[in-house]
Amino acid sequence: MKEIDKKIILKTEGLSKHYGGVKALDNADFTLQNGEHIAIVGDNGAGKSTFIRQITGVEIPTSGKIYFDGNLVNFKTPSDAKNAGIEAVYQNLALADDLDVPSNIFLGQEETYFNLGPFSFLNAKKMYDKSIEVLSKTGIKIPDINIAMSNMSGGQRQCVAISRSAGFASKLIIMDEPTAALGVQETEQVENIIKNLKDRGIPLIMISHNLRQVFDLVDKIWVFRQGKIVGSVDASTTNSNEVVSLITGIQQKVGEEASFI
Amino acid sequence: MNNFKANYKKLPPEFNIFLVLLGLALLFEILGWIFIGQSFVANKRRLIIMILQVSVIGIIAVGVTQVIIMAGIDLSGGSLVALSAIVAASLAQNSSYTKAVYPHLTDLPYIIPVLAGVACGLFAGFLSGNIIARTGIPPFIATLGMLVSARGASTWYNNGMPVSFLNDDFIALGQGVWPVVIFLSVAALFHILMRYTKYGKHTYAIGSNEEAARVAGINITRHKIIVYSIAGGLAGLAGVVTAARAMSAQAGMGMMYELDAIAAAVIGGTSLFGGRGRIAGTLFGVLILGVITSGFVFLRIDAYYQEMVKGAIIVGAVVVDQIRYKKKNTKDKDI
């Protein structure tokens with residue numbers, strides 16, 4: 001095991017994922033400081049989600065090393081990554097629509113009265129109270145948290161998904177397009193939750209297509225193109241032109257505004 | 001009006017099914033007075049026979065309900081009834097019969113054939129569960145295979161001959177109200193398991209969104225194997241009760257029971273899309289099947305009509321489920 005700087009919460013070396021002959025992720029070297037918020041940007045198929053899937057244990061990398069919290073890790077399943085302290089909010093939200101809010105927030109890590117393995121009795125009261133507590137931090141209003149998720153709006157669903165990650169004592173939170181399906185007001189609520197995480201010093205990796213949001217929220221921007229990391233820039237010293245030219249690989253003329261922002 | 005709506009929402013979801021049950025009973029009551037000149041409901045013996053008849057189906061239905069809630073299906077129930085019945089019966093024969101299957105294993109305490117029957121179903125369910133969870137083939141195919149194989153195995157077991165001359169202790173399990181007691185205990189136990197334990201929560205979660213359950217850290221493979229094993233074990237228990245009730249066992253037992261069990265679950269409000277359903281609903285579903293069967297017998301209508309009506313009710317229940325499901329999804333898009 002190689003000792004690495006304690007200030008670095010996550011580091012990958014030569015991380016690659018091949019699907020057959022397709023190099024979805026190729027030799028990615030990535031570092032994330034403790035407390036730092038970063039964004040991963042890139043075109044469709046640039047390898048952003050693939051990268052996330054490797055570090056959350058959803059997929060097993062073809063090659064490369066991942067260091068998390070000072071240790072070389074080898075996640076085989078999502079629960080390995082979860083147990084290590086990595087919480088992810090997925091693009092498809094990953095909520096069980098037929099279950100209520102507390103069940104979703106505590107899914108896979110239910111509070112029980114006493115441990116009888118799978119037949120442990122659930123402590124519904126404790127989960128209800130804790131859910132109210134973590135949801136109140138997000139500022140979202142859900143009138144009745146004991147109804148099924150399928151009855152809720154996109155913003156409410158997203159906040160439940162994020163609360164699930166933020167509510168547990170996690171060392172790293174990963175969000176895959178957290179506001180892609182949301183309205184203006186709901187987007188703002190989610191952005192507030194993210195700012196709140198920053199204040200609490202919890203590091204964040206966010207995939208986003210929304211450059212305005214990226215510049216507003218994060219310290220550093222990592223750009224992926226065709227499965228490779230093509231650059232990382234400080235959000236405070238760069239501009240959208242530079243980021244867009246990294247994304248597309250085409251140098252833009254000075255003064256020309258990126259059209260798709 | 002709003003008040004009515006609010007009150008209606010507070011009622012348990014089984015209320016609608018309960019109304020259907022009452023409506024059917026009322027229909028047979030009226031038809032009874034018109035055509036036969038006697039009451040359908042006010043006949044204690046008929047009601048007892050009715051519940052006795054559906055108890056075996058009910059035990060299988062409890063197992064199938066949890067499988068369907070997990071967005072799976074189990075078609076092997078009926079065949080497992082036959083296999084477990086014949087295995088249990090072969091270990092429950094009395095020594096006065098000289099041609100016992102195992103001449104040295106007669107007059108055993110009744111718990112041994114009971115456990116053997118349940119274990120037989122449990123093992124078959126474990127096998128199906130492993131195939132489904134590890135190879136990813138559709139549960140429909142895996143349990144269809146088990147349906148055929150288990151039927152074959154139950155014929156092979158005693159060369160197609162029936163097994164009879166069973167111990168009185170063993171037979172007692174199928175007599176009187178015992179089948180009903182066993183069914184209701186199983187239903188109560190699983191109602192609690194599904195509602196108040198991790199096991200139930202994870203079953204609903206997998207049925208609702210398997211991917212979400214997986215990324216939440218639930219061991220899907222293990223959970224599926226457990227659920228299918230339990231469904232098999234309950235089918236095995238149903239087989240034991242069948243053998244005890246019939247005082248013998250033969251390879252043709254339990255034919256089509258799996259379909260009645262699935263029907264009971266679906267009529268009881270369990271969604272074939274997974275994620276929704278309750279054991280209490282299945283209880284009413286089972287009773288509805290019982291009322292239909294005994295109502296047709298009561299009105300002296302041929303069994304073919306009975307099957308036809310039952311088929312229509314099953315399809316109707318699924319259509320209602322589909323409409324509910326679609327309504328829910330379009331509502332999501334509105335928001």
# chains A, B, ... in the order shown; residues from 1 in each chain; ligands from 1
$ residues_around --residues "Lys82 of chain A" --least-positions-apart "6" --cutoff "10 Å" --atoms "only C-alpha atoms" --output "PyMOL selection string"
(chain A and resi 56-57+75+88+165+168+170-172) or (chain B and resi 215-217)
$ write_last_selection --atoms "C-alpha atoms" --output "mmCIF file, in the first residue's frame"
data_model
loop_
_atom_site.group_PDB
_atom_site.id
_atom_site.type_symbol
_atom_site.label_atom_id
_atom_site.label_comp_id
_atom_site.auth_asym_id
_atom_site.auth_seq_id
_atom_site.Cartn_x
_atom_site.Cartn_y
_atom_site.Cartn_z
ATOM 1 C CA THR A 56 -18.489 3.845 -6.744
ATOM 2 C CA GLY A 57 -18.045 0.104 -7.229
ATOM 3 C CA PHE A 75 -14.429 -1.900 -4.576
ATOM 4 C CA ALA A 88 -23.612 8.636 -4.925
ATOM 5 C CA SER A 165 -26.330 10.768 0.516
ATOM 6 C CA PHE A 168 -25.185 9.769 6.287
ATOM 7 C CA SER A 170 -20.094 10.313 4.208
ATOM 8 C CA LYS A 171 -16.570 11.261 3.222
ATOM 9 C CA LEU A 172 -17.356 11.945 -0.430
ATOM 10 C CA VAL B 215 -26.754 0.706 -5.714
ATOM 11 C CA ALA B 216 -28.240 1.068 -2.215
ATOM 12 C CA GLY B 217 -26.079 -1.893 -1.268
#
$ residues_around --residues "segment 126-131 of chain B" --least-positions-apart "2" --cutoff "12 Å" --atoms "only C-alpha atoms" --output "PyMOL selection string"
chain B and resi 67+72-77+80+119-124+133-147+149-150+220-233
$ interface_residues --of "chain A" --to "chain B" --cutoff "7 Å" --atoms "only C-alpha atoms" --output "mmCIF file with C-alpha atoms, in the first residue's frame"
data_model
loop_
_atom_site.group_PDB
_atom_site.id
_atom_site.type_symbol
_atom_site.label_atom_id
_atom_site.label_comp_id
_atom_site.auth_asym_id
_atom_site.auth_seq_id
_atom_site.Cartn_x
_atom_site.Cartn_y
_atom_site.Cartn_z
ATOM 1 C CA PRO A 78 -21.611 -0.477 -4.493
ATOM 2 C CA SER A 79 -21.929 -1.428 -0.849
ATOM 3 C CA ALA A 94 -32.167 5.375 -8.145
ATOM 4 C CA LEU A 95 -35.257 5.641 -5.982
ATOM 5 C CA ALA A 96 -37.744 2.878 -5.312
ATOM 6 C CA ASP A 97 -40.917 4.567 -6.522
ATOM 7 C CA ASP A 98 -43.325 2.394 -4.589
ATOM 8 C CA LEU A 107 -32.644 1.828 1.780
ATOM 9 C CA GLY A 108 -29.922 -0.752 2.368
ATOM 10 C CA PRO A 118 -32.671 -10.137 7.021
ATOM 11 C CA PHE A 119 -35.519 -10.666 9.457
ATOM 12 C CA SER A 120 -34.601 -7.717 11.686
ATOM 13 C CA PHE A 121 -37.573 -5.617 12.675
ATOM 14 C CA LEU A 122 -37.490 -2.085 11.320
ATOM 15 C CA SER A 150 -44.177 8.113 -7.270
ATOM 16 C CA ASN A 151 -46.559 10.792 -5.965
ATOM 17 C CA SER A 153 -42.418 16.075 -7.983
#
$ atom_distance --atom1 "atom CA of Val54 of chain B" --atom2 "atom CA of Leu287 of chain B"
7.2 Å
$ atom_distance --atom1 "atom CA of Ile112 of chain B" --atom2 "atom CA of Val181 of chain B"
20.1 Å
$ closest_residue --among "A:Gly249, A:Gly14, A:Gly201, A:Pro178" --to "Pro61 of chain A" --atoms "only C-alpha atoms"
A:Gly14
$ residues_around --residues "segment 210-222 of chain A" --least-positions-apart "6" --cutoff "8 Å" --atoms "only C-alpha atoms" --output "list of chain:residue names"
A:Glu36, A:His37, A:Ile38, A:Ala39, A:Ile40, A:Val41, A:Glu191, A:Ile194, A:Lys195, A:Ile229, A:Val230, A:Gly231, A:Ser232, A:Val233, A:Asp234, A:Ala235, A:Ser236, A:Ser240, A:Ile261
$ write_last_selection --atoms "N, CA, C and O atoms" --output "compact mmCIF listing (two decimals), in the first residue's frame"
# COMPACT_ATOMS: atom_id res chain seq x y z
N GLU A 36 -12.89 19.81 -1.16
CA GLU A 36 -12.97 20.46 -2.47
C GLU A 36 -14.23 20.03 -3.23
O GLU A 36 -14.65 18.88 -3.15
N HIS A 37 -14.83 20.97 -3.93
CA HIS A 37 -15.95 20.64 -4.81
C HIS A 37 -15.48 20.75 -6.25
O HIS A 37 -14.96 21.79 -6.65
N ILE A 38 -15.66 19.68 -7.01
CA ILE A 38 -15.22 19.74 -8.41
C ILE A 38 -16.36 19.32 -9.33
O ILE A 38 -17.30 18.64 -8.92
N ALA A 39 -16.24 19.75 -10.59
CA ALA A 39 -17.22 19.33 -11.58
C ALA A 39 -16.51 18.54 -12.66
O ALA A 39 -15.36 18.82 -12.98
N ILE A 40 -17.20 17.53 -13.17
CA ILE A 40 -16.69 16.80 -14.32
C ILE A 40 -17.57 17.18 -15.50
O ILE A 40 -18.80 17.06 -15.44
N VAL A 41 -16.94 17.73 -16.55
CA VAL A 41 -17.73 18.12 -17.72
C VAL A 41 -17.17 17.40 -18.95
O VAL A 41 -16.04 16.90 -18.94
N GLU A 191 -29.10 23.43 -5.59
CA GLU A 191 -27.83 24.18 -5.50
C GLU A 191 -27.56 24.64 -4.08
O GLU A 191 -26.42 24.66 -3.62
N ILE A 194 -26.09 21.86 -2.19
CA ILE A 194 -24.68 21.68 -2.55
C ILE A 194 -23.81 22.70 -1.82
O ILE A 194 -22.74 22.37 -1.28
N LYS A 195 -24.27 23.96 -1.77
CA LYS A 195 -23.51 24.99 -1.05
C LYS A 195 -23.40 24.64 0.43
O LYS A 195 -22.36 24.87 1.07
N ILE A 229 -9.04 12.19 -19.74
CA ILE A 229 -9.07 13.48 -19.06
C ILE A 229 -8.19 14.43 -19.84
O ILE A 229 -7.00 14.16 -20.04
N VAL A 230 -8.78 15.51 -20.35
CA VAL A 230 -7.99 16.41 -21.20
C VAL A 230 -7.56 17.67 -20.47
O VAL A 230 -6.84 18.49 -21.02
N GLY A 231 -8.02 17.84 -19.22
CA GLY A 231 -7.54 19.01 -18.50
C GLY A 231 -8.31 19.25 -17.23
O GLY A 231 -9.43 18.75 -17.05
N SER A 232 -7.67 19.98 -16.30
CA SER A 232 -8.40 20.43 -15.12
C SER A 232 -8.06 21.89 -14.91
O SER A 232 -6.90 22.29 -14.98
N VAL A 233 -9.09 22.70 -14.69
CA VAL A 233 -8.87 24.14 -14.57
C VAL A 233 -9.55 24.68 -13.32
O VAL A 233 -10.57 24.13 -12.88
N ASP A 234 -8.99 25.72 -12.74
CA ASP A 234 -9.62 26.38 -11.60
C ASP A 234 -10.81 27.20 -12.07
O ASP A 234 -10.68 27.99 -13.00
N ALA A 235 -11.94 27.02 -11.41
CA ALA A 235 -13.14 27.73 -11.85
C ALA A 235 -12.96 29.24 -11.73
O ALA A 235 -13.56 30.01 -12.49
N SER A 236 -12.11 29.69 -10.78
CA SER A 236 -11.98 31.12 -10.56
C SER A 236 -11.07 31.80 -11.60
O SER A 236 -11.16 33.02 -11.80
N SER A 240 -15.68 30.37 -19.68
CA SER A 240 -16.42 29.32 -20.35
C SER A 240 -15.81 28.97 -21.71
O SER A 240 -15.88 27.82 -22.14
N ILE A 261 -24.38 27.37 -23.89
CA ILE A 261 -24.46 27.55 -22.45
C ILE A 261 -25.88 27.96 -22.06
O ILE A 261 -26.43 28.85 -22.65
$ atom_distance --atom1 "atom CA of Ser248 of chain B" --atom2 "atom CA of Met50 of chain B"
21.2 Å
$ closest_residue --among "A:Ile105, A:Val58, A:Ala84, A:Met152" --to "Ile132 of chain A" --atoms "only C-alpha atoms"
A:Ile105
$ residues_around --residues "Ile173 of chain A" --least-positions-apart "3" --cutoff "9 Å" --atoms "only C-alpha atoms" --output "NGL selection string"
:A and (85-89 or 165-166 or 170 or 202-206)
$ write_last_selection --atoms "all heavy atoms" --output "compact mmCIF listing (two decimals), in the first residue's frame"
# COMPACT_ATOMS: atom_id res chain seq x y z
N GLY A 85 -17.47 5.11 2.62
CA GLY A 85 -17.88 6.50 2.82
C GLY A 85 -18.15 7.28 1.54
O GLY A 85 -18.23 8.50 1.56
N ILE A 86 -18.29 6.57 0.42
CA ILE A 86 -18.63 7.24 -0.84
C ILE A 86 -20.13 7.11 -1.08
O ILE A 86 -20.66 6.00 -1.15
CB ILE A 86 -17.86 6.64 -2.03
CG1 ILE A 86 -16.35 6.82 -1.83
CG2 ILE A 86 -18.31 7.28 -3.34
CD1 ILE A 86 -15.50 6.22 -2.93
N GLU A 87 -20.82 8.23 -1.16
CA GLU A 87 -22.26 8.21 -1.41
C GLU A 87 -22.52 8.80 -2.79
O GLU A 87 -21.96 9.83 -3.15
CB GLU A 87 -23.00 9.06 -0.37
CG GLU A 87 -23.03 8.44 1.02
CD GLU A 87 -24.04 7.32 1.14
OE1 GLU A 87 -24.91 7.20 0.26
OE2 GLU A 87 -23.94 6.56 2.12
N ALA A 88 -23.37 8.14 -3.57
CA ALA A 88 -23.61 8.64 -4.92
C ALA A 88 -25.09 8.90 -5.15
O ALA A 88 -25.95 8.19 -4.65
CB ALA A 88 -23.11 7.62 -5.94
N VAL A 89 -25.36 9.99 -5.89
CA VAL A 89 -26.73 10.28 -6.33
C VAL A 89 -26.72 10.06 -7.84
O VAL A 89 -25.99 10.73 -8.56
CB VAL A 89 -27.11 11.74 -6.03
CG1 VAL A 89 -28.55 12.01 -6.46
CG2 VAL A 89 -26.93 12.06 -4.57
N SER A 165 -27.79 10.75 0.50
CA SER A 165 -26.33 10.77 0.52
C SER A 165 -25.80 11.69 1.60
O SER A 165 -24.89 11.33 2.35
CB SER A 165 -25.81 11.26 -0.83
OG SER A 165 -26.51 10.64 -1.85
N ALA A 166 -26.38 12.89 1.67
CA ALA A 166 -25.86 13.90 2.59
C ALA A 166 -26.18 13.56 4.03
O ALA A 166 -25.51 14.01 4.95
CB ALA A 166 -26.43 15.27 2.23
N SER A 170 -20.86 10.76 5.36
CA SER A 170 -20.09 10.31 4.21
C SER A 170 -18.85 11.16 4.05
O SER A 170 -18.78 12.30 4.48
CB SER A 170 -20.96 10.40 2.96
OG SER A 170 -21.64 11.62 2.95
N ILE A 202 -17.70 18.81 3.16
CA ILE A 202 -17.79 17.49 2.54
C ILE A 202 -17.43 17.62 1.05
O ILE A 202 -18.03 18.40 0.33
CB ILE A 202 -19.21 16.91 2.68
CG1 ILE A 202 -19.53 16.70 4.16
CG2 ILE A 202 -19.36 15.60 1.91
CD1 ILE A 202 -20.95 16.32 4.45
N PRO A 203 -16.41 16.87 0.60
CA PRO A 203 -16.02 16.97 -0.81
C PRO A 203 -17.10 16.44 -1.75
O PRO A 203 -17.87 15.56 -1.37
CB PRO A 203 -14.76 16.11 -0.88
CG PRO A 203 -14.82 15.20 0.28
CD PRO A 203 -15.59 15.91 1.34
N LEU A 204 -17.10 17.01 -2.95
CA LEU A 204 -18.17 16.66 -3.90
C LEU A 204 -17.61 16.53 -5.30
O LEU A 204 -16.78 17.34 -5.74
CB LEU A 204 -19.24 17.76 -3.88
CG LEU A 204 -20.33 17.69 -4.95
CD1 LEU A 204 -21.52 16.91 -4.44
CD2 LEU A 204 -20.77 19.07 -5.39
N ILE A 205 -18.08 15.51 -6.01
CA ILE A 205 -17.83 15.39 -7.44
C ILE A 205 -19.18 15.50 -8.12
O ILE A 205 -20.11 14.79 -7.75
CB ILE A 205 -17.17 14.04 -7.80
CG1 ILE A 205 -15.81 13.91 -7.13
CG2 ILE A 205 -17.03 13.91 -9.31
CD1 ILE A 205 -15.17 12.55 -7.33
N MET A 206 -19.27 16.43 -9.09
CA MET A 206 -20.56 16.63 -9.73
C MET A 206 -20.37 16.54 -11.24
O MET A 206 -19.48 17.17 -11.80
CB MET A 206 -21.08 18.01 -9.34
CG MET A 206 -22.36 18.41 -10.01
SD MET A 206 -22.97 19.98 -9.35
CE MET A 206 -21.98 21.13 -10.26
$ residues_around --residues "Asp144 of chain A" --least-positions-apart "2" --cutoff "12 Å" --atoms "only C-alpha atoms" --output "list in words"
Asp100, Val101, Pro102, Tyr128, Ser131, Ile132, Leu135, Ile140, Lys141, Ile142, Asn146, Ile147, Ala148, Met149, Asn151, Met152 and Gln156 of chain A
$ closest_residue --among "A:Ile8, A:Lys48, A:Asp29, A:Asn192" --to "Gly227 of chain A" --atoms "only C-alpha atoms"
A:Lys48
$ residues_around --residues "Gly239 of chain B" --least-positions-apart "6" --cutoff "6 Å" --atoms "only C-alpha atoms" --output "short mmCIF file (atom, residue, chain, number, x, y, z; two decimals) with N, CA, C and O atoms, in the first residue's frame"
data_model
loop_
_atom_site.label_atom_id
_atom_site.label_comp_id
_atom_site.auth_asym_id
_atom_site.auth_seq_id
_atom_site.Cartn_x
_atom_site.Cartn_y
_atom_site.Cartn_z
N VAL B 81 -46.14 -29.05 -4.96
CA VAL B 81 -47.14 -29.65 -4.08
C VAL B 81 -47.11 -31.17 -4.27
O VAL B 81 -47.02 -31.94 -3.31
N SER B 84 -43.63 -32.66 -3.02
CA SER B 84 -43.51 -32.66 -1.56
C SER B 84 -44.51 -33.61 -0.93
O SER B 84 -44.21 -34.29 0.05
N ALA B 85 -45.72 -33.67 -1.50
CA ALA B 85 -46.74 -34.55 -0.95
C ALA B 85 -46.27 -36.00 -1.00
O ALA B 85 -46.37 -36.74 -0.03
#
$ residues_around --residues "Gln38 of chain B" --least-positions-apart "5" --cutoff "9 Å" --atoms "only C-alpha atoms" --output "PyMOL selection string"
chain B and resi 29+32-33
$ select_by_dssp --residues "segment 32-256 of chain B" --states "helix (DSSP H, G or I)" --output "VMD selection string"
chain B and resid 32 to 36 44 to 69 77 to 90 111 to 135 139 to 157 168 to 172 178 to 196 198 to 208 210 to 215 220 to 246
